[in-house]
Amino acid sequence: MAAAGTWAFSEPAVSRLCCLIGAGRHATDAVEEALAEVESDPETGRHIVGRGGFPNSEGVLECDAAIMEGDAGRFGAVAALQGVASPVRVARRVMDRSPHSLLVGEGAAAFAKQQGFTVESNASMLTTHSTEAYQEYLEKQQRVSGHDTLGLIAMDNMGNITVGVSTSGAPFKSPGRVGDSPLPGCGLYAENMVGAAAATGDGDKIMCYCPSFHVVHLMKQVRAPDFQKLHLF
């Protein structure tokens, strides 16, 4: 098995991945659960993920998330989703239950409701920290630096590879703005027997280069990683 995550704040999630995979869980279930726990924690919102993340320029929190399996054609994503603290769970439902691969905005929220998710008020999605940061932005045009998208990669005991990503996007972005995170090949990519990749950084630039696809493609061209020797904890 193997597990990896972006940024230091992902360490608890990576540890959770290892526990879930060690207990025999499928890579997709493990990635969804570990990501959702971070998304719904208001304390990690300051890392630009889920509840407590920074809102857009109109004060509304819009989240993007995606999940991709190493099996061809297994992908689901949501973008500009409002009112759902764990958008990766909605992305998983898109992958499993929707004829589409990516739902955005009001359509994503409507799908979430149809699937039984609670859509909360915008006020309940924000925290004191994110609200104060937004007020400072309005008063002083003071922006928050950073772009700490959470990405998690897991390979389970059966060799299944899954990657998931989640972000509340660039702080104080234009309403409806979508970065690289929920776009296959840009924010994430996976292929069984080869590997997976997740991107983090300036999404408006990343999406122009499809880096996650290129990384996995290069891995495939050179050689498939020996996952028996690879343990990224």
# chains A, B, ... in the order shown; residues from 1 in each chain; ligands from 1
>>> select_by_dssp(residues="segment 81-211 of chain A", states="strand (DSSP E)", output="ChimeraX atom specification")
/A:81,102-104,150-155,161-167,188-191,195-198
>>> select_by_dssp(residues="segment 34-85 of chain A", states="helix (DSSP H, G or I)", output="PyMOL selection string")
chain A and resi 34-39+42-47
>>> closest_residue(among="A:Ala30, A:Met155, A:Val163, A:Val178", to="Asp64 of chain A", atoms="only C-alpha atoms")
A:Val178
>>> closest_residue(among="A:Ser10, A:Thr128, A:Ser57, A:Asn160", to="Gln142 of chain A", atoms="only C-alpha atoms")
A:Ser57
>>> residues_around(residues="Phe9 of chain A", least_positions_apart="3", cutoff="10 Å", atoms="only C-alpha atoms", output="number ranges by chain")
A: 5-6, 12-14, 38, 44, 47, 148, 150
>>> residues_around(residues="Ser181 of chain A", least_positions_apart="4", cutoff="8 Å", atoms="only C-alpha atoms", output="PyMOL selection string")
chain A and resi 64-66+149+165-167+186-188+199-200+203
>>> closest_atom_pairs(of="segment 143-222 of chain A", to="segment 104-111 of chain A", cutoff="12 Å", atoms="only C-alpha atoms", output="Markdown table")
| residue | atom | partner | partner_atom | distance |
| --- | --- | --- | --- | --- |
| A:Pro175 | CA | A:Gly105 | CA | 9.8 |
| A:Gly176 | CA | A:Gly105 | CA | 7.3 |
| A:Arg177 | CA | A:Gly105 | CA | 10.1 |
| A:Val178 | CA | A:Val104 | CA | 9.2 |
| A:Pro182 | CA | A:Val104 | CA | 10.0 |
| A:Leu183 | CA | A:Val104 | CA | 11.7 |
>>> residues_around(residues="Gln115 of chain A", least_positions_apart="5", cutoff="12 Å", atoms="only C-alpha atoms", output="ChimeraX atom specification")
/A:89-94,96-98,108-110
>>> write_last_selection(atoms="N, CA and C atoms", output="compact mmCIF listing (two decimals), in the first residue's frame")
# COMPACT_ATOMS: atom_id res chain seq x y z
N ARG A 89 -17.37 14.31 -1.14
CA ARG A 89 -18.40 13.27 -1.07
C ARG A 89 -19.41 13.44 -2.20
N VAL A 90 -19.69 14.69 -2.56
CA VAL A 90 -20.58 14.93 -3.69
C VAL A 90 -19.88 14.53 -4.99
N ALA A 91 -18.60 14.83 -5.09
CA ALA A 91 -17.83 14.42 -6.27
C ALA A 91 -17.86 12.90 -6.44
N ARG A 92 -17.76 12.18 -5.33
CA ARG A 92 -17.83 10.72 -5.38
C ARG A 92 -19.19 10.26 -5.92
N ARG A 93 -20.25 10.92 -5.50
CA ARG A 93 -21.58 10.56 -5.98
C ARG A 93 -21.71 10.87 -7.48
N VAL A 94 -21.09 11.97 -7.92
CA VAL A 94 -21.11 12.28 -9.35
C VAL A 94 -20.45 11.14 -10.12
N ASP A 96 -20.14 8.01 -9.19
CA ASP A 96 -20.85 6.74 -9.06
C ASP A 96 -22.28 6.76 -9.60
N ARG A 97 -22.95 7.92 -9.53
CA ARG A 97 -24.38 7.94 -9.78
C ARG A 97 -24.87 8.92 -10.84
N SER A 98 -23.98 9.71 -11.38
CA SER A 98 -24.41 10.68 -12.40
C SER A 98 -23.92 10.23 -13.77
N ALA A 108 -24.61 21.63 -9.31
CA ALA A 108 -23.93 20.77 -8.34
C ALA A 108 -24.70 20.75 -7.03
N ALA A 109 -25.20 21.91 -6.61
CA ALA A 109 -25.96 21.99 -5.36
C ALA A 109 -27.27 21.21 -5.47
N ALA A 110 -27.93 21.31 -6.62
CA ALA A 110 -29.18 20.58 -6.82
C ALA A 110 -28.93 19.08 -6.79
>>> closest_residue(among="A:Ala85, A:Phe54, A:Met1, A:Gln135", to="Asp41 of chain A", atoms="only C-alpha atoms")
A:Ala85
>>> atom_distance(atom1="atom CA of Pro211 of chain A", atom2="atom CA of Ala190 of chain A")
12.1 Å
>>> atom_distance(atom1="atom CA of Cys18 of chain A", atom2="atom CA of Val194 of chain A")
19.7 Å
>>> atom_distance(atom1="atom CA of Asp156 of chain A", atom2="atom CA of Ile67 of chain A")
15.3 Å
>>> residues_around(residues="Val144 of chain A", least_positions_apart="3", cutoff="12 Å", atoms="only C-alpha atoms", output="list of chain:residue names")
A:Arg46, A:His47, A:Ile48, A:Gly53, A:Phe54, A:Pro55, A:Asn56, A:His129, A:Ser130, A:Glu132, A:Ala133, A:Tyr134, A:Gln135, A:Glu136, A:Tyr137, A:Lys140, A:Gln141, A:His147, A:Asp148, A:Gly169, A:Ala170, A:Pro171, A:Phe172, A:Lys173
>>> write_last_selection(atoms="C-alpha atoms", output="JSON list (two decimals), in the first residue's frame")
[["chain", "number", "residue", "atom", "x", "y", "z"],
["A", 46, "ARG", "CA", -7.40, 28.58, 6.65],
["A", 47, "HIS", "CA", -5.52, 26.18, 4.36],
["A", 48, "ILE", "CA", -8.12, 26.98, 1.66],
["A", 53, "GLY", "CA", -12.19, 28.49, 3.66],
["A", 54, "PHE", "CA", -11.99, 31.97, 2.23],
["A", 55, "PRO", "CA", -15.07, 33.22, 0.35],
["A", 56, "ASN", "CA", -15.23, 34.80, -3.08],
["A", 129, "HIS", "CA", -11.16, 33.70, 10.79],
["A", 130, "SER", "CA", -12.49, 33.62, 7.22],
["A", 132, "GLU", "CA", -12.52, 38.65, 9.42],
["A", 133, "ALA", "CA", -10.20, 38.04, 6.48],
["A", 134, "TYR", "CA", -13.03, 38.93, 4.10],
["A", 135, "GLN", "CA", -13.81, 42.14, 5.99],
["A", 136, "GLU", "CA", -10.14, 43.11, 5.80],
["A", 137, "TYR", "CA", -10.24, 42.43, 2.07],
["A", 140, "LYS", "CA", -8.13, 47.37, 2.79],
["A", 141, "GLN", "CA", -8.08, 45.17, -0.33],
["A", 147, "HIS", "CA", -3.02, 28.28, -2.42],
["A", 148, "ASP", "CA", -2.97, 25.17, -0.27],
["A", 169, "GLY", "CA", -10.22, 28.18, -4.38],
["A", 170, "ALA", "CA", -8.31, 31.43, -4.60],
["A", 171, "PRO", "CA", -9.32, 33.70, -1.69],
["A", 172, "PHE", "CA", -11.79, 36.41, -2.74],
["A", 173, "LYS", "CA", -11.90, 35.10, -6.31]]
>>> closest_residue(among="A:Gly50, A:Gly195, A:Gly76, A:Gly179", to="Cys210 of chain A", atoms="only C-alpha atoms")
A:Gly179
>>> closest_residue(among="A:Met158, A:Cys19, A:Met68, A:Val88", to="Ala196 of chain A", atoms="only C-alpha atoms")
A:Met68
